[in-house]
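K.L.:
Dumping the structure here so I can ask a few things about it.
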Amino acid sequence: MKEKPIIDVLIPAWNEENALPLVVAGIPKTWVRQIIVCDNGSTDRTAEVARAHGAILVSQPERGYGNACLAGMRYLENMPSSEQPEIVVFLDGDFSDYPDQLPQVVAPILESGIDMVIGSRRLGGMEPGAMTAAQRFGNWLAPLLIRWFYGYRFSDLGPFRAIRWDKLQALGMRDRNFGWTVEMQIKAAKQKLRCTEVPVRYRKRAAGHSKVSGTVKGSVLAGWKIIATIFKYL
């Protein structure tokens, strides 16, 4: 890989007008070529804020976390092959992660020939209250099942992650909602990608309401989707 690879950041976002500026501002600009905000049908000023802070806006009005991520991938795929990135970083738009940790997240790809890096919140530490008890349990159970069924060890399904662009394309990502992260890890295991984790910090979202933990229904549906996805690919 070249000394300075092309790194692009994809940020799925739904109604994150207040947190999104903090996320974009926190990304080390010398490390990335472009920041792409995948607006998932926001009804607030998310799209306007993204443009105002220098991000490229991709619109995906059909709701779903995976739908937003897939829209960002399509944007990159439509670029000339010579201009497509070498590494893609996924980062949520709620400022729960620490964007300034991007260099640590991509380092194993740059230095050790790794294909995919998961930013592990369990290894890095979470602010009290950043995840509900149900989320913490699901985030413990899902990696355990992946280890049992697919033979790969992960400690987290964290959204802050980096992957080689060609490897991401080869995964054939399909999930349109909250099964996106676990689908990526399962398919990486099935394709024997070289994976690792790095510790990342995690805090309460900066503003707005969680689309998963904000309601009991949201938590249950997201948890069910993640577990169903694990069994789907057996």
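Residue numbering restarts at 1 for every chain of the structure tokens, chains are lettered A, B, ... in their displayed order, and ligands are numbered from 1 as they appear.
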Please provide as a ChimeraX atom specification all residues within 10 Å of Gly158 in chain A, with the sequence filter that same-chain residues fewer than 4 positions apart are discarded (counting only C-alpha atoms).

P.N.:
/A:90-92,97,118-122,139,154,181-182,197,200,202

K.L.:
May I ask for the distance between CA of Glu62 in chain A and CA of Asn15 in chain A, given in Å to one decimal place?

P.N.:
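Calculated distance between CA of Glu62 in chain A and CA of Asn15 in chain A is 13.7 Å.
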
K.L.:
Near Ile227 in chain A, within 9 Å and counting only C-alpha atoms, which residues show up once chain neighbours fewer than 6 positions away are dropped, as a list in words?

P.N.:
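Near Ile227 in chain A, the qualifying residues are Gly138, Leu141, Ala142, Leu145, Gly179 and Val182 of chain A.
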
K.L.:
Next, write the just-selected residues to a file, as a PDB file, in the first residue's frame, keeping N, CA and C atoms as the atom set.

P.N.:
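What landed in result.pdb:
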```pdb
ATOM      1  N   GLY A 138     -26.448  -7.449  24.522  1.00  0.00           N
ATOM      2  CA  GLY A 138     -26.431  -7.850  23.119  1.00  0.00           C
ATOM      3  C   GLY A 138     -25.050  -7.742  22.511  1.00  0.00           C
ATOM      4  N   LEU A 141     -23.267 -10.809  23.714  1.00  0.00           N
ATOM      5  CA  LEU A 141     -23.761 -12.067  23.158  1.00  0.00           C
ATOM      6  C   LEU A 141     -23.386 -12.250  21.691  1.00  0.00           C
ATOM      7  N   ALA A 142     -23.547 -11.204  20.889  1.00  0.00           N
ATOM      8  CA  ALA A 142     -23.303 -11.342  19.453  1.00  0.00           C
ATOM      9  C   ALA A 142     -21.865 -11.766  19.139  1.00  0.00           C
ATOM     10  N   LEU A 145     -21.448 -15.464  19.903  1.00  0.00           N
ATOM     11  CA  LEU A 145     -22.028 -16.346  18.891  1.00  0.00           C
ATOM     12  C   LEU A 145     -21.160 -16.387  17.629  1.00  0.00           C
ATOM     13  N   GLY A 179     -28.566  -4.772  11.128  1.00  0.00           N
ATOM     14  CA  GLY A 179     -27.723  -5.952  11.003  1.00  0.00           C
ATOM     15  C   GLY A 179     -26.435  -5.663  10.260  1.00  0.00           C
ATOM     16  N   VAL A 182     -22.892  -6.402  12.144  1.00  0.00           N
ATOM     17  CA  VAL A 182     -22.636  -7.827  12.380  1.00  0.00           C
ATOM     18  C   VAL A 182     -22.522  -8.579  11.051  1.00  0.00           C
TER      19      VAL A 182
END
```

K.L.:
Do a neighbour search on Pro143 in chain A at 10 Å with only C-alpha atoms, toss out local chain neighbours closer than 5 positions, and write the hits as JSON, numbers by chain.

P.N.:
{"A": [138, 148, 149, 150, 152, 153, 154, 155, 156, 157, 182, 185, 186, 230]}

K.L.:
Of the candidates A:Leu123, A:Ala130, A:Met173, A:Ile109, which shows the shortest atom-to-atom distance to Lys4 in chain A, using only C-alpha atoms?

P.N.:
A:Ile109

K.L.:
Quick one: distance from CA of Gln135 in chain A to CA of Val89 in chain A in Å, one decimal?

P.N.:
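Separation between CA of Gln135 in chain A and CA of Val89 in chain A: 22.8 Å.
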
K.L.:
Looking only at strand (DSSP E or B) from DSSP on the backbone, list the matching residues of range 2-222 of chain A as number ranges by chain.

P.N.:
A: 7-13, 34-39, 56-59, 87-90, 116-120, 126, 161-164, 195-199, 202

K.L.:
Those selected residues, please, written with N, CA and C atoms and delivered as a tab-separated table (two decimals), in the first residue's frame.

P.N.:
```tsv
chain	number	residue	atom	x	y	z
A	7	ILE	N	-7.96	7.58	2.07
A	7	ILE	CA	-8.91	7.17	3.10
A	7	ILE	C	-10.13	8.07	3.03
A	8	ASP	N	-11.30	7.46	2.88
A	8	ASP	CA	-12.57	8.19	2.89
A	8	ASP	C	-13.39	7.75	4.10
A	9	VAL	N	-14.18	8.68	4.63
A	9	VAL	CA	-15.01	8.41	5.80
A	9	VAL	C	-16.47	8.44	5.39
A	10	LEU	N	-17.22	7.41	5.78
A	10	LEU	CA	-18.66	7.36	5.55
A	10	LEU	C	-19.38	7.52	6.88
A	11	ILE	N	-20.29	8.48	6.95
A	11	ILE	CA	-21.05	8.75	8.18
A	11	ILE	C	-22.54	8.63	7.89
A	12	PRO	N	-23.19	7.52	8.28
A	12	PRO	CA	-24.64	7.44	8.18
A	12	PRO	C	-25.27	8.36	9.22
A	13	ALA	N	-26.26	9.14	8.82
A	13	ALA	CA	-26.81	10.13	9.76
A	13	ALA	C	-28.31	10.31	9.54
A	34	GLN	N	-11.89	12.64	1.86
A	34	GLN	CA	-13.22	13.23	1.86
A	34	GLN	C	-14.08	12.58	2.94
A	35	ILE	N	-15.01	13.37	3.44
A	35	ILE	CA	-15.97	12.93	4.43
A	35	ILE	C	-17.34	12.91	3.76
A	36	ILE	N	-17.97	11.76	3.76
A	36	ILE	CA	-19.24	11.59	3.06
A	36	ILE	C	-20.33	11.34	4.09
A	37	VAL	N	-21.27	12.24	4.19
A	37	VAL	CA	-22.41	12.09	5.09
A	37	VAL	C	-23.57	11.49	4.31
A	38	CYS	N	-24.04	10.34	4.76
A	38	CYS	CA	-25.13	9.64	4.10
A	38	CYS	C	-26.42	9.97	4.85
A	39	ASP	N	-27.12	10.98	4.37
A	39	ASP	CA	-28.32	11.46	5.05
A	39	ASP	C	-29.47	10.50	4.82
A	56	ILE	N	-19.27	15.88	1.87
A	56	ILE	CA	-20.04	15.53	0.68
A	56	ILE	C	-21.35	14.89	1.14
A	57	LEU	N	-22.45	15.32	0.58
A	57	LEU	CA	-23.75	14.80	1.00
A	57	LEU	C	-24.26	13.77	0.02
A	58	VAL	N	-24.64	12.62	0.53
A	58	VAL	CA	-25.31	11.58	-0.24
A	58	VAL	C	-26.68	11.38	0.40
A	59	SER	N	-27.71	11.44	-0.40
A	59	SER	CA	-29.07	11.32	0.13
A	59	SER	C	-29.61	9.91	-0.06
A	87	ILE	N	-8.96	2.73	1.62
A	87	ILE	CA	-9.50	2.40	2.94
A	87	ILE	C	-10.77	3.21	3.16
A	88	VAL	N	-11.78	2.56	3.73
A	88	VAL	CA	-13.01	3.26	4.11
A	88	VAL	C	-13.18	3.15	5.62
A	89	VAL	N	-13.48	4.27	6.24
A	89	VAL	CA	-13.75	4.32	7.68
A	89	VAL	C	-15.23	4.62	7.88
A	90	PHE	N	-15.88	3.83	8.71
A	90	PHE	CA	-17.27	4.08	9.08
A	90	PHE	C	-17.31	4.71	10.47
A	116	MET	N	-9.37	-5.55	8.07
A	116	MET	CA	-10.49	-4.86	8.73
A	116	MET	C	-10.18	-4.65	10.20
A	117	VAL	N	-10.49	-3.46	10.69
A	117	VAL	CA	-10.25	-3.11	12.10
A	117	VAL	C	-11.57	-2.66	12.73
A	118	ILE	N	-11.90	-3.25	13.86
A	118	ILE	CA	-13.07	-2.84	14.62
A	118	ILE	C	-12.61	-2.01	15.81
A	119	GLY	N	-13.19	-0.84	15.97
A	119	GLY	CA	-12.93	-0.05	17.17
A	119	GLY	C	-13.74	-0.63	18.31
A	120	SER	N	-13.07	-1.21	19.27
A	120	SER	CA	-13.76	-1.90	20.36
A	120	SER	C	-13.99	-0.98	21.55
A	126	MET	N	-16.11	2.71	28.20
A	126	MET	CA	-17.33	3.46	27.90
A	126	MET	C	-17.70	4.37	29.06
A	161	ARG	N	-15.09	1.77	12.53
A	161	ARG	CA	-14.31	0.69	11.96
A	161	ARG	C	-13.67	1.11	10.65
A	162	ALA	N	-12.66	0.39	10.25
A	162	ALA	CA	-11.97	0.67	9.00
A	162	ALA	C	-11.78	-0.63	8.24
A	163	ILE	N	-11.85	-0.55	6.91
A	163	ILE	CA	-11.71	-1.75	6.09
A	163	ILE	C	-11.14	-1.36	4.74
A	164	ARG	N	-10.33	-2.23	4.19
A	164	ARG	CA	-9.82	-2.00	2.83
A	164	ARG	C	-11.00	-1.97	1.87
A	195	CYS	N	-8.42	-9.74	10.46
A	195	CYS	CA	-9.16	-8.77	11.28
A	195	CYS	C	-8.48	-8.57	12.63
A	196	THR	N	-8.68	-7.40	13.18
A	196	THR	CA	-8.21	-7.12	14.53
A	196	THR	C	-9.09	-6.04	15.14
A	197	GLU	N	-8.85	-5.75	16.40
A	197	GLU	CA	-9.57	-4.70	17.10
A	197	GLU	C	-8.57	-3.74	17.75
A	198	VAL	N	-8.98	-2.51	17.91
A	198	VAL	CA	-8.20	-1.55	18.67
A	198	VAL	C	-9.13	-0.90	19.70
A	199	PRO	N	-8.62	-0.54	20.87
A	199	PRO	CA	-9.47	0.10	21.87
A	199	PRO	C	-9.90	1.50	21.43
A	202	TYR	N	-15.82	5.61	24.22
A	202	TYR	CA	-17.22	5.76	23.82
A	202	TYR	C	-17.95	6.54	24.91
```
